[in-house]
file coords20.txt (compact mmCIF, C-alpha atoms)
# COMPACT_ATOMS: atom_id res chain seq x y z
CA MET F 4 4.91 -12.16 -17.48
CA SER F 5 5.19 -9.61 -14.73
CA HIS F 6 6.95 -6.51 -13.61
CA ASP F 7 6.64 -6.32 -9.85
CA SER F 8 6.64 -2.97 -8.16
CA THR F 9 9.22 -1.31 -6.03
CA ALA F 10 7.70 1.16 -3.62
CA ALA F 11 8.54 4.81 -3.99
CA PRO F 12 11.39 5.76 -1.65
CA GLU F 13 9.24 8.07 0.45
CA ALA F 14 6.56 5.39 0.78
CA ALA F 15 9.05 2.63 1.53
CA ALA F 16 10.53 4.67 4.37
CA ARG F 17 7.21 4.89 6.22
CA LYS F 18 7.00 2.85 9.41
CA LEU F 19 4.04 1.52 11.30
CA SER F 20 3.16 3.08 14.61
CA GLY F 21 3.77 0.90 17.66
CA ARG F 22 0.22 -0.39 18.02
CA ARG F 23 -0.10 -1.56 14.42
CA ARG F 24 1.06 -4.95 13.18
CA LYS F 25 2.12 -5.74 9.65
CA GLU F 26 0.38 -9.11 9.63
CA ILE F 27 -3.03 -7.64 10.58
CA VAL F 28 -5.32 -6.84 7.66
CA ALA F 29 -8.50 -4.85 8.32
CA VAL F 30 -11.26 -5.06 5.70
CA LEU F 31 -13.67 -2.13 5.79
CA LEU F 32 -17.21 -3.06 4.71
CA PHE F 33 -20.16 -0.77 3.98
CA SER F 34 -23.84 -1.39 3.47
CA GLY F 35 -24.79 -1.75 -0.19
CA GLY F 36 -21.38 -3.07 -1.21
CA PRO F 37 -21.11 -5.82 -3.85
CA ILE F 38 -20.62 -9.22 -2.28
CA PHE F 39 -17.99 -10.45 -4.77
CA GLU F 40 -15.49 -7.66 -4.21
CA SER F 41 -16.14 -7.80 -0.47
CA SER F 42 -15.34 -11.49 -0.35
CA ILE F 43 -11.97 -11.25 -2.15
CA PRO F 44 -9.83 -9.90 0.72
CA LEU F 45 -11.74 -12.11 3.17
CA SER F 46 -10.75 -15.19 1.20
CA VAL F 47 -7.16 -14.12 0.51
CA PHE F 48 -6.27 -12.86 3.98
CA GLY F 49 -8.80 -14.59 6.22
CA ILE F 50 -8.16 -18.30 5.63
CA ASP F 51 -5.29 -20.19 7.20
CA ARG F 52 -3.36 -21.86 4.36
CA GLN F 53 -0.06 -22.41 6.14
CA ASP F 54 -0.21 -26.07 5.14
CA ALA F 55 0.24 -24.89 1.53
CA GLY F 56 3.15 -22.63 2.37
CA VAL F 57 1.14 -19.41 2.56
CA PRO F 58 2.06 -17.25 5.56
CA ARG F 59 -0.92 -16.42 7.73
CA TYR F 60 -2.46 -12.98 8.08
CA ARG F 61 -4.75 -11.91 10.89
CA LEU F 62 -8.02 -10.63 9.48
CA LEU F 63 -10.25 -8.03 11.10
CA VAL F 64 -13.58 -7.43 9.36
CA CYS F 65 -14.76 -3.94 10.27
CA GLY F 66 -18.05 -2.22 9.67
CA GLY F 67 -17.61 1.23 8.17
CA GLU F 68 -21.04 2.24 9.46
CA ASP F 69 -23.74 0.92 11.76
CA GLY F 70 -25.07 -2.53 10.86
CA PRO F 71 -26.48 -4.79 9.84
CA LEU F 72 -24.84 -4.27 6.48
CA ARG F 73 -26.96 -5.15 3.48
CA THR F 74 -25.07 -6.43 0.41
CA THR F 75 -26.08 -7.07 -3.16
CA GLY F 76 -28.75 -9.74 -3.35
CA GLY F 77 -30.33 -8.58 -0.08
CA LEU F 78 -27.92 -10.45 2.18
CA GLU F 79 -27.35 -8.96 5.62
CA LEU F 80 -23.96 -9.05 7.32
CA SER F 81 -22.89 -8.25 10.84
CA ALA F 82 -19.26 -7.16 11.03
CA PRO F 83 -17.47 -8.43 14.18
CA HIS F 84 -15.50 -5.20 14.56
CA GLY F 85 -16.08 -1.49 14.25
CA LEU F 86 -13.86 1.31 13.02
CA GLU F 87 -11.79 1.21 16.21
CA ALA F 88 -10.22 -2.11 15.13
CA ILE F 89 -8.56 -0.39 12.17
CA SER F 90 -6.09 1.12 14.66
CA ARG F 91 -4.34 -2.27 14.94
CA ALA F 92 -3.97 -3.01 11.22
CA GLY F 93 -0.87 -2.68 9.10
CA THR F 94 -3.02 -2.98 5.96
CA VAL F 95 -6.53 -1.59 5.49
CA VAL F 96 -8.59 -2.77 2.50
CA VAL F 97 -11.70 -1.04 1.17
CA PRO F 98 -13.20 -3.66 -1.18
CA ALA F 99 -15.82 -1.45 -2.82
CA TRP F 100 -18.12 1.49 -2.27
CA ARG F 101 -21.85 1.31 -2.82
CA SER F 102 -22.24 4.39 -5.00
CA ILE F 103 -19.83 6.55 -6.94
CA THR F 104 -22.24 9.47 -6.51
CA SER F 105 -22.56 9.50 -2.72
CA PRO F 106 -19.91 10.51 -0.16
CA PRO F 107 -18.57 7.89 2.29
CA PRO F 108 -19.19 8.38 6.04
CA ASP F 109 -16.93 10.96 7.66
CA ASP F 110 -15.98 8.62 10.50
CA ALA F 111 -14.68 6.04 8.04
CA LEU F 112 -12.70 8.66 6.12
CA ASP F 113 -11.14 9.91 9.35
CA ALA F 114 -10.15 6.35 10.29
CA LEU F 115 -8.48 5.84 6.91
CA ARG F 116 -6.57 9.11 7.14
CA ARG F 117 -5.39 8.23 10.63
CA ALA F 118 -4.31 4.76 9.51
CA HIS F 119 -2.32 6.22 6.66
CA GLU F 120 -0.67 8.80 8.89
CA GLU F 121 0.38 5.98 11.20
CA GLY F 122 2.08 4.08 8.37
CA ALA F 123 -0.61 1.59 7.37
CA ARG F 124 -0.86 0.41 3.79
CA ILE F 125 -4.23 1.48 2.32
CA VAL F 126 -5.84 -0.57 -0.45
CA GLY F 127 -8.90 0.25 -2.57
CA LEU F 128 -10.44 -2.46 -4.76
CA CYS F 129 -12.60 -1.37 -7.68
CA THR F 130 -14.88 1.48 -6.50
CA GLY F 131 -13.06 1.45 -3.17
CA ALA F 132 -10.78 3.93 -4.93
CA PHE F 133 -13.57 6.51 -4.54
CA VAL F 134 -13.38 6.12 -0.77
CA LEU F 135 -9.60 6.59 -0.80
CA ALA F 136 -10.00 9.63 -3.04
CA ALA F 137 -12.66 11.11 -0.76
CA ALA F 138 -10.23 10.73 2.14
CA GLY F 139 -7.60 12.66 0.16
CA LEU F 140 -5.24 9.68 0.06
CA LEU F 141 -4.97 9.67 -3.73
CA ASP F 142 -4.16 13.35 -4.19
CA GLY F 143 -1.19 13.70 -6.54
CA ARG F 144 -0.94 9.92 -6.92
CA PRO F 145 -1.49 7.45 -9.76
CA ALA F 146 -4.56 5.25 -9.28
CA THR F 147 -6.97 3.04 -11.16
CA THR F 148 -10.52 1.77 -10.82
CA HIS F 149 -13.01 -0.04 -13.05
CA TRP F 150 -12.60 1.44 -16.54
CA MET F 151 -16.29 2.37 -16.62
CA TYR F 152 -15.92 4.61 -13.56
CA ALA F 153 -12.47 6.01 -14.34
CA PRO F 154 -13.76 9.18 -16.07
CA THR F 155 -16.01 9.93 -13.09
CA LEU F 156 -13.14 9.41 -10.63
CA ALA F 157 -10.95 11.76 -12.68
CA LYS F 158 -13.69 14.36 -12.96
CA ARG F 159 -14.56 14.42 -9.26
CA TYR F 160 -11.00 14.23 -8.02
CA PRO F 161 -8.88 16.10 -10.60
CA SER F 162 -5.72 15.86 -8.49
CA VAL F 163 -5.75 12.06 -8.86
CA HIS F 164 -3.80 10.71 -11.84
CA VAL F 165 -6.30 8.11 -13.03
CA ASP F 166 -5.02 5.36 -15.34
CA PRO F 167 -7.95 3.26 -16.59
CA ARG F 168 -5.80 0.73 -18.43
CA GLU F 169 -4.20 -0.93 -15.43
CA LEU F 170 -5.36 -3.99 -13.51
CA PHE F 171 -3.85 -2.43 -10.41
CA VAL F 172 -1.60 0.40 -9.34
CA ASP F 173 0.97 0.05 -6.55
CA ASP F 174 2.12 3.45 -5.30
CA GLY F 175 3.92 2.10 -2.27
CA ASP F 176 1.64 2.75 0.70
CA VAL F 177 -1.56 3.32 -1.32
CA LEU F 178 -2.75 0.71 -3.83
CA THR F 179 -5.81 0.53 -6.08
CA SER F 180 -7.24 -2.05 -8.46
CA ALA F 181 -9.58 -2.23 -11.39
CA GLY F 182 -12.98 -3.89 -11.22
CA THR F 183 -14.05 -7.20 -9.75
CA ALA F 184 -11.49 -9.93 -10.51
CA ALA F 185 -8.64 -7.42 -10.63
CA GLY F 186 -9.02 -7.29 -6.85
CA ILE F 187 -7.62 -10.82 -6.79
CA ASP F 188 -4.63 -9.67 -8.83
CA LEU F 189 -3.90 -6.90 -6.37
CA CYS F 190 -4.32 -9.09 -3.30
CA LEU F 191 -1.95 -11.66 -4.79
CA HIS F 192 0.47 -8.84 -5.51
CA ILE F 193 0.33 -7.82 -1.84
CA VAL F 194 1.13 -11.38 -0.75
CA ARG F 195 3.97 -11.46 -3.27
CA THR F 196 5.31 -8.16 -1.96
CA ASP F 197 5.12 -9.34 1.65
CA HIS F 198 6.27 -12.93 1.30
CA GLY F 199 7.70 -13.52 -2.17
CA ASN F 200 6.78 -15.30 -5.39
CA GLU F 201 6.60 -18.78 -3.88
CA ALA F 202 3.95 -17.81 -1.33
CA ALA F 203 1.92 -15.92 -3.92
CA GLY F 204 2.17 -18.83 -6.32
CA ALA F 205 0.99 -21.30 -3.68
CA LEU F 206 -1.97 -19.08 -2.87
CA ALA F 207 -2.83 -18.69 -6.56
CA ARG F 208 -2.88 -22.48 -6.94
CA ARG F 209 -5.27 -22.76 -4.00
CA LEU F 210 -7.53 -20.11 -5.53
CA VAL F 211 -7.18 -21.73 -8.97
CA VAL F 212 -6.18 -18.46 -10.61
CA PRO F 213 -3.04 -17.40 -12.50
CA PRO F 214 -0.39 -15.97 -10.16
CA ARG F 215 0.04 -13.04 -12.54
CA ARG F 216 -2.18 -11.87 -15.35
CA SER F 217 -0.52 -10.10 -18.24
CA GLY F 218 -2.08 -7.15 -20.00
CA GLY F 219 -4.47 -4.69 -18.41
CA GLN F 220 -7.97 -3.33 -18.76
CA GLU F 221 -7.27 -2.03 -22.26
CA ARG F 222 -8.92 -5.01 -23.95
CA TYR F 223 -12.12 -4.37 -22.00
CA LEU F 224 -12.30 -0.62 -22.59
CA ASP F 225 -15.21 0.55 -24.68
CA ARG F 226 -16.36 3.99 -25.62
CA SER F 227 -18.46 4.62 -22.54
CA LEU F 228 -18.47 8.00 -20.87
CA PRO F 229 -19.58 9.04 -17.39
CA GLU F 230 -23.26 8.43 -16.74
CA GLU F 231 -23.78 12.15 -16.14
CA ILE F 232 -23.15 12.97 -19.79
CA GLY F 233 -26.30 11.16 -20.87
CA ALA F 234 -28.50 14.05 -19.76
CA ASP F 235 -26.22 16.73 -21.15
CA PRO F 236 -26.73 18.39 -24.55
CA LEU F 237 -23.15 17.45 -25.37
CA ALA F 238 -24.18 13.77 -25.44
CA GLU F 239 -25.61 14.16 -28.96
CA VAL F 240 -22.29 15.50 -30.24
CA VAL F 241 -20.40 12.66 -28.55
CA ALA F 242 -22.77 10.09 -30.06
CA TRP F 243 -22.23 11.61 -33.51
CA ALA F 244 -18.46 11.45 -33.06
CA LEU F 245 -18.57 7.78 -32.12
CA GLU F 246 -20.71 6.94 -35.15
CA HIS F 247 -18.45 8.83 -37.56
CA LEU F 248 -14.98 7.81 -36.40
CA HIS F 249 -14.34 6.52 -39.93
CA GLU F 250 -14.55 10.11 -41.18
CA GLN F 251 -11.87 12.76 -40.88
CA PHE F 252 -12.99 15.51 -38.55
CA ASP F 253 -11.41 17.44 -35.72
CA VAL F 254 -12.43 19.05 -32.45
CA GLU F 255 -13.41 22.25 -34.26
CA THR F 256 -16.03 20.18 -36.11
CA LEU F 257 -17.43 18.89 -32.81
CA ALA F 258 -17.45 22.38 -31.31
CA ALA F 259 -19.38 23.67 -34.31
CA ARG F 260 -21.94 20.89 -33.98
CA ALA F 261 -22.36 21.88 -30.32
CA TYR F 262 -22.74 25.56 -31.35
CA MET F 263 -19.83 26.48 -29.11
CA SER F 264 -16.48 28.14 -29.53
CA ARG F 265 -13.51 25.78 -29.42
CA ARG F 266 -12.47 27.19 -26.05
CA THR F 267 -15.95 26.80 -24.53
CA PHE F 268 -16.30 23.32 -25.98
CA ASP F 269 -12.93 22.24 -24.57
CA ARG F 270 -13.85 23.52 -21.12
CA ARG F 271 -17.31 21.93 -21.17
CA PHE F 272 -16.05 18.59 -22.47
CA ARG F 273 -13.28 18.45 -19.91
CA SER F 274 -15.71 19.21 -17.06
CA LEU F 275 -17.92 16.31 -18.13
CA THR F 276 -15.32 13.66 -18.89
CA GLY F 277 -12.10 14.66 -17.15
CA SER F 278 -10.32 14.54 -20.52
CA ALA F 279 -9.51 17.06 -23.22
CA PRO F 280 -11.68 16.45 -26.31
CA LEU F 281 -8.69 16.00 -28.62
CA GLN F 282 -7.14 13.31 -26.42
CA TRP F 283 -10.53 11.60 -26.09
CA LEU F 284 -11.02 11.61 -29.86
CA ILE F 285 -7.54 10.20 -30.50
CA THR F 286 -8.17 7.47 -27.91
CA GLN F 287 -11.45 6.48 -29.58
CA ARG F 288 -9.75 6.26 -32.97
CA VAL F 289 -7.01 4.04 -31.51
CA LEU F 290 -9.61 1.80 -29.86
CA GLN F 291 -11.42 1.52 -33.20
CA ALA F 292 -8.12 0.59 -34.83
CA GLN F 293 -7.58 -2.14 -32.22
CA ARG F 294 -10.96 -3.66 -33.04
CA LEU F 295 -10.35 -3.61 -36.78
CA LEU F 296 -6.90 -5.16 -36.35
CA GLU F 297 -8.51 -7.92 -34.28
CA THR F 298 -11.59 -8.55 -36.42
CA SER F 299 -10.61 -7.86 -40.03
CA ASP F 300 -7.91 -8.49 -42.64
CA TYR F 301 -7.59 -4.84 -43.60
CA SER F 302 -4.07 -3.58 -44.11
CA VAL F 303 -2.69 -1.07 -41.65
CA ASP F 304 -3.16 1.64 -44.28
CA GLU F 305 -6.83 0.69 -44.68
CA VAL F 306 -7.33 0.58 -40.91
CA ALA F 307 -5.92 4.08 -40.65
CA GLY F 308 -8.40 5.37 -43.21
CA ARG F 309 -11.35 3.59 -41.62
CA CYS F 310 -10.52 5.09 -38.22
CA GLY F 311 -10.30 8.67 -39.42
CA PHE F 312 -6.53 9.05 -39.25
CA ARG F 313 -5.11 11.30 -41.95
CA SER F 314 -2.30 8.88 -42.69
CA PRO F 315 -0.91 5.48 -41.61
CA VAL F 316 1.98 7.37 -40.02
CA ALA F 317 -0.47 9.17 -37.70
CA LEU F 318 -2.10 5.85 -36.75
CA ARG F 319 1.23 4.22 -36.00
CA GLY F 320 2.39 7.14 -33.84
CA HIS F 321 -0.74 7.36 -31.72
CA PHE F 322 -1.10 3.57 -31.52
CA ARG F 323 2.43 3.19 -30.19
CA ARG F 324 2.03 6.04 -27.70
CA GLN F 325 -1.12 4.54 -26.21
CA LEU F 326 -0.39 0.80 -26.44
CA GLY F 327 3.39 0.59 -26.66
CA SER F 328 3.22 -1.49 -29.83
CA SER F 329 2.95 -0.98 -33.57
CA PRO F 330 -0.37 -1.91 -35.25
CA ALA F 331 1.29 -4.74 -37.17
CA ALA F 332 2.94 -6.18 -34.04
CA TYR F 333 -0.34 -5.89 -32.13
CA ARG F 334 -2.23 -7.84 -34.81
CA ALA F 335 0.47 -10.51 -35.07
CA ALA F 336 0.59 -11.04 -31.30
CA TYR F 337 -3.19 -11.07 -31.04
CA ARG F 338 -3.57 -13.70 -33.76
CA ALA F 339 -0.77 -15.81 -32.34
CA ARG F 340 -2.80 -16.16 -29.13
CA ARG F 341 -6.17 -16.83 -30.71
CA PRO F 342 -7.55 -20.38 -30.77
CA GLN F 343 -6.67 -22.08 -34.04
CA GLY F 344 -9.39 -22.09 -36.63
CA GLU F 345 -10.75 -18.66 -35.78
CA ARG F 346 -10.55 -16.26 -38.70
CA PRO F 347 -11.22 -12.53 -38.77
CA GLN F 348 -14.62 -11.74 -40.23
CA ASP F 349 -14.06 -9.20 -42.96
CA THR F 350 -17.66 -8.05 -42.96
CA GLU F 351 -19.55 -4.81 -42.60
CA ALA F 352 -20.17 -5.76 -38.97
CA ALA F 353 -16.43 -6.04 -38.38
CA GLN F 354 -15.77 -2.82 -40.21
CA GLY F 355 -17.73 -0.67 -37.80
CA GLY F 356 -18.96 1.36 -40.75
CA ALA F 357 -21.21 4.36 -40.68
CA GLY F 358 -24.25 3.90 -38.55
CA SER F 359 -22.92 1.06 -36.44
CA GLY F 360 -22.23 1.82 -32.82
CA MET F 361 -19.19 -0.46 -32.72
CA PRO F 362 -17.42 -2.89 -35.00
CA GLY F 363 -19.04 -6.29 -34.89
CA HIS F 364 -21.98 -4.98 -32.95
CA GLY F 365 -25.50 -3.96 -33.80
CA GLY F 366 -25.14 -0.25 -33.20
CA HIS F 367 -25.12 -0.09 -29.40
CA PRO F 368 -22.18 1.97 -28.18
CA GLY F 369 -20.75 1.02 -24.83
CA GLN F 370 -21.71 -2.65 -25.14
CA PRO F 371 -18.83 -4.52 -26.78
CA PRO F 372 -19.42 -8.12 -27.87
CA ALA F 373 -17.51 -10.90 -26.16
CA SER F 374 -15.66 -11.71 -29.38
CA LEU F 375 -13.74 -8.46 -29.05
CA HIS F 376 -12.47 -9.38 -25.60
CA PRO F 377 -9.76 -12.01 -26.16
CA GLU F 378 -9.26 -14.50 -23.41
CA HIS F 379 -5.51 -14.05 -23.66
CA PRO F 380 -4.18 -10.50 -23.80
CA VAL F 381 -1.68 -9.29 -26.33
CA PRO F 382 1.88 -9.08 -25.03
CA LEU F 383 2.63 -5.42 -24.49
CA GLN F 384 5.72 -3.41 -23.84
CA SER F 385 7.07 -1.93 -20.68
CA ARG F 386 5.75 0.94 -18.63
CA ARG F 387 6.19 4.57 -18.42
CA THR F 388 7.64 6.17 -15.36
CA ALA F 389 6.26 6.05 -11.86
CA ALA F 390 4.56 8.20 -9.30
CA ALA F 391 7.51 10.50 -8.83
CA SER F 392 7.13 11.78 -12.40
CA ALA F 393 3.36 11.48 -12.57
CA VAL F 394 2.92 15.14 -11.72
CA GLY F 395 4.61 16.09 -14.98
CA SER F 396 3.51 15.38 -18.52
CA SER F 397 2.86 11.71 -19.22
CA PRO F 398 3.89 9.92 -22.42
CA ALA F 399 0.25 9.41 -23.32
CA MET F 400 -0.23 13.16 -23.37
CA SER F 401 2.34 13.56 -26.12
CA ALA F 402 -0.39 12.50 -28.51
CA SER F 403 -2.51 15.50 -27.69
CA ALA F 404 0.44 17.82 -27.19
CA SER F 405 1.81 17.05 -30.63
CA ALA F 406 -1.59 17.73 -32.11
CA GLY F 407 -1.81 21.16 -30.55
CA SER F 408 -3.82 20.54 -27.40
CA ASP F 409 -3.27 22.26 -24.08
CA ASN F 410 0.01 21.54 -22.36
CA GLY F 411 0.09 19.80 -19.01
CA ARG F 412 -1.05 16.52 -17.56
CA GLU F 413 -4.62 15.35 -17.98
CA ALA F 414 -6.49 13.93 -15.02
CA TYR F 415 -7.81 11.07 -17.17
CA VAL F 416 -5.24 9.79 -19.62
CA PRO F 417 -5.37 6.30 -21.13
CA SER F 418 -1.68 5.52 -21.01
CA ARG F 419 0.70 3.15 -22.65
CA ALA F 420 -0.09 -0.39 -21.62
CA SER F 421 2.22 -2.38 -19.37
CA LEU F 422 3.65 -5.85 -19.41
CA PRO F 423 1.84 -7.18 -16.35
CA GLY F 424 -1.23 -4.98 -16.24
CA GLN F 425 -0.01 -2.92 -13.33
CA ARG F 426 1.40 0.49 -12.63
CA SER F 427 3.91 0.76 -9.86
CA ALA F 428 6.09 3.39 -8.30
CA THR F 429 9.78 2.96 -9.00

call {"tool": "encode", "arguments": {"input": "coords20.txt", "output": "structure tokens"}}
result
Amino acid sequence: MSHDSTAAPEAAARKLSGRRRKEIVAVLLFSGGPIFESSIPLSVFGIDRQDAGVPRYRLLVCGGEDGPLRTTGGLELSAPHGLEAISRAGTVVVPAWRSITSPPPDDALDALRRAHEEGARIVGLCTGAFVLAAAGLLDGRPATTHWMYAPTLAKRYPSVHVDPRELFVDDGDVLTSAGTAAGIDLCLHIVRTDHGNEAAGALARRLVVPPRRSGGQERYLDRSLPEEIGADPLAEVVAWALEHLHEQFDVETLAARAYMSRRTFDRRFRSLTGSAPLQWLITQRVLQAQRLLETSDYSVDEVAGRCGFRSPVALRGHFRRQLGSSPAAYRAAYRARRPQGERPQDTEAAQGGAGSGMPGHGGHPGQPPASLHPEHPVPLQSRRTAAASAVGSSPAMSASASAGSDNGREAYVPSRASLPGQRSAT
């Protein structure tokens, strides 16, 4: 299933400057970048597959800094072009950035800004979104990145509307993808946008991958928080919350455990995570409910109680807001796609009871077992609105708004899941 994007009107109206060509794709590489993400656009856009019905692109591999460029595994690369070659490209891809804590080179950021001003399509794969954000190209826009780094992206660039549940986000002239293999999804989407479904399908067959993946990152999300929180005194309160999700407590309880006023706690939590504490807590309870629906035979009422919701009605409301499906429909669809013969394990490990870090796991938060990551995602319902309305309140925020949190849009809001695992401007 899929729901292809239609570029926002203002983005669609942009035209390339005279020296740029639509068929030229520049890939911007940096030292320290992961080799897998770097190789994705090289394989998609750099190999002539016209015999299979795939239109040819012209690839320019550009070094974003002086070489040789050292990749993961100690490999050294020598890029055939420098930043000046970007001036010819209609599409510029940043496959990944070496560190989410260090700023990209100014020269590379200037080249990206100039390319965007001249009508080029700018693409960030995985942590490449941090480079686009540093260049200011994601300000006021929806974007995604690897779910593990999404809170950090939202915290450092609060004007970016980060959606950690999507495989990729198409906002017309600026596109971003989630981690690793999601870069393939986005590159296939670009081919589909440029040349249609048949060309994208032919390329997918050559790459031996599905032409479209349904679902999003939501089935891979765990309860991780930005790395910076580990050294903060608030980390102990967060750890307690994750271990006691089966109990009924509110943000006031967490603030008291942190010896802070509610207002101070809200401000401190938001500065660390990019999310309001109430919305974060609701999201964790919904994620816990997902795991119990997948791994146990508890009724929806029992799941609600074991996830700290005050009533099944509260669970159903928050579950639908975040995942676009009722708990019962989610469980039914999940089980329909499981290999036959697999049964939920109604055990203490699956319950995620007190003292266990996660359901089905030996008490190590942030490290979900493979059994909780289904090979086939659950069919989910259609998207919320696009970039034009992203500046306003999002549907996901209604969960926190209805519970009395601050009004306005959060920088980091796990949103309702989509049909194809993408967010696009319409």

call {"tool": "closest_residue", "arguments": {"input": "coords20.txt", "among": "F:Val47, F:Ile89, F:Cys65, F:Ser81", "to": "Arg24 in chain F", "atoms": "all atoms listed in the file"}}
result
F:Ile89

call {"tool": "closest_residue", "arguments": {"input": "coords20.txt", "among": "F:Ile27, F:Val306, F:Val211, F:Val134", "to": "Gln291 in chain F", "atoms": "all atoms listed in the file"}}
result
F:Val306

call {"tool": "atom_distance", "arguments": {"input": "coords20.txt", "atom1": "CA of Gly67 in chain F", "atom2": "CA of Pro108 in chain F"}}
result
7.6 Å

call {"tool": "atom_distance", "arguments": {"input": "coords20.txt", "atom1": "CA of Val172 in chain F", "atom2": "CA of Ala146 in chain F"}}
result
5.7 Å

call {"tool": "atom_distance", "arguments": {"input": "coords20.txt", "atom1": "CA of Pro330 in chain F", "atom2": "CA of Val303 in chain F"}}
result
6.9 Å

call {"tool": "closest_residue", "arguments": {"input": "coords20.txt", "among": "F:Trp150, F:Phe252, F:Gln282, F:Gln293", "to": "Arg313 in chain F", "atoms": "only C-alpha atoms"}}
result
F:Phe252

call {"tool": "closest_residue", "arguments": {"input": "coords20.txt", "among": "F:His249, F:His164, F:Arg324, F:Arg260", "to": "Ala307 in chain F", "atoms": "all atoms listed in the file"}}
result
F:His249

call {"tool": "closest_residue", "arguments": {"input": "coords20.txt", "among": "F:Gly131, F:Gly311, F:Gly35, F:Gly320", "to": "Gly186 in chain F", "atoms": "only C-alpha atoms"}}
result
F:Gly131

call {"tool": "residues_near_point", "arguments": {"input": "coords20.txt", "point": "(-7.4, 9.0, -30.8)", "cutoff": "9 Å", "atoms": "all atoms listed in the file", "output": "PyMOL selection string"}}
result
chain F and resi 281-291+310+312+318+321-322+325+402-403

call {"tool": "closest_residue", "arguments": {"input": "coords20.txt", "among": "F:Leu326, F:Cys190, F:Leu45, F:Ala331", "to": "Ser302 in chain F", "atoms": "all atoms listed in the file"}}
result
F:Ala331

call {"tool": "residues_around", "arguments": {"input": "coords20.txt", "residues": "Arg59 in chain F", "least_positions_apart": "6", "cutoff": "9 Å", "atoms": "only C-alpha atoms", "output": "JSON, numbers by chain"}}
result
{"F": [26, 48, 49, 50, 51, 52, 53]}

call {"tool": "residues_around", "arguments": {"input": "coords20.txt", "residues": "Asp113 in chain F", "least_positions_apart": "6", "cutoff": "10 Å", "atoms": "only C-alpha atoms", "output": "count of residues only"}}
result
3

call {"tool": "residues_around", "arguments": {"input": "coords20.txt", "residues": "Val28 in chain F", "least_positions_apart": "6", "cutoff": "10 Å", "atoms": "all atoms listed in the file", "output": "PyMOL selection string"}}
result
chain F and resi 44-45+48-49+60-64+89+91-96+123-125

call {"tool": "decode", "arguments": {"input": "coords20.txt", "residues": "range 133-144 of chain F", "atoms": "N, CA and C atoms", "output": "compact mmCIF listing (two decimals), in the first residue's frame"}}
result
# COMPACT_ATOMS: atom_id res chain seq x y z
N PHE F 133 20.42 16.24 9.94
CA PHE F 133 21.10 17.20 10.81
C PHE F 133 21.86 18.23 9.97
N VAL F 134 22.39 17.81 8.84
CA VAL F 134 23.09 18.74 7.97
C VAL F 134 22.09 19.72 7.35
N LEU F 135 20.95 19.20 6.89
CA LEU F 135 19.94 20.08 6.32
C LEU F 135 19.41 21.06 7.36
N ALA F 136 19.24 20.57 8.59
CA ALA F 136 18.77 21.45 9.66
C ALA F 136 19.80 22.51 9.98
N ALA F 137 21.08 22.14 10.00
CA ALA F 137 22.13 23.11 10.28
C ALA F 137 22.19 24.19 9.21
N ALA F 138 21.81 23.83 7.99
CA ALA F 138 21.79 24.80 6.90
C ALA F 138 20.53 25.67 6.92
N GLY F 139 19.61 25.37 7.84
CA GLY F 139 18.37 26.13 7.93
C GLY F 139 17.31 25.71 6.94
N LEU F 140 17.53 24.60 6.24
CA LEU F 140 16.60 24.19 5.19
C LEU F 140 15.37 23.47 5.72
N LEU F 141 15.38 23.11 7.01
CA LEU F 141 14.24 22.42 7.59
C LEU F 141 13.41 23.32 8.49
N ASP F 142 13.77 24.58 8.60
CA ASP F 142 13.03 25.49 9.47
C ASP F 142 11.57 25.58 9.05
N GLY F 143 10.68 25.33 10.01
CA GLY F 143 9.25 25.41 9.73
C GLY F 143 8.71 24.27 8.89
N ARG F 144 9.52 23.23 8.68
CA ARG F 144 9.10 22.12 7.81
C ARG F 144 8.96 20.82 8.60
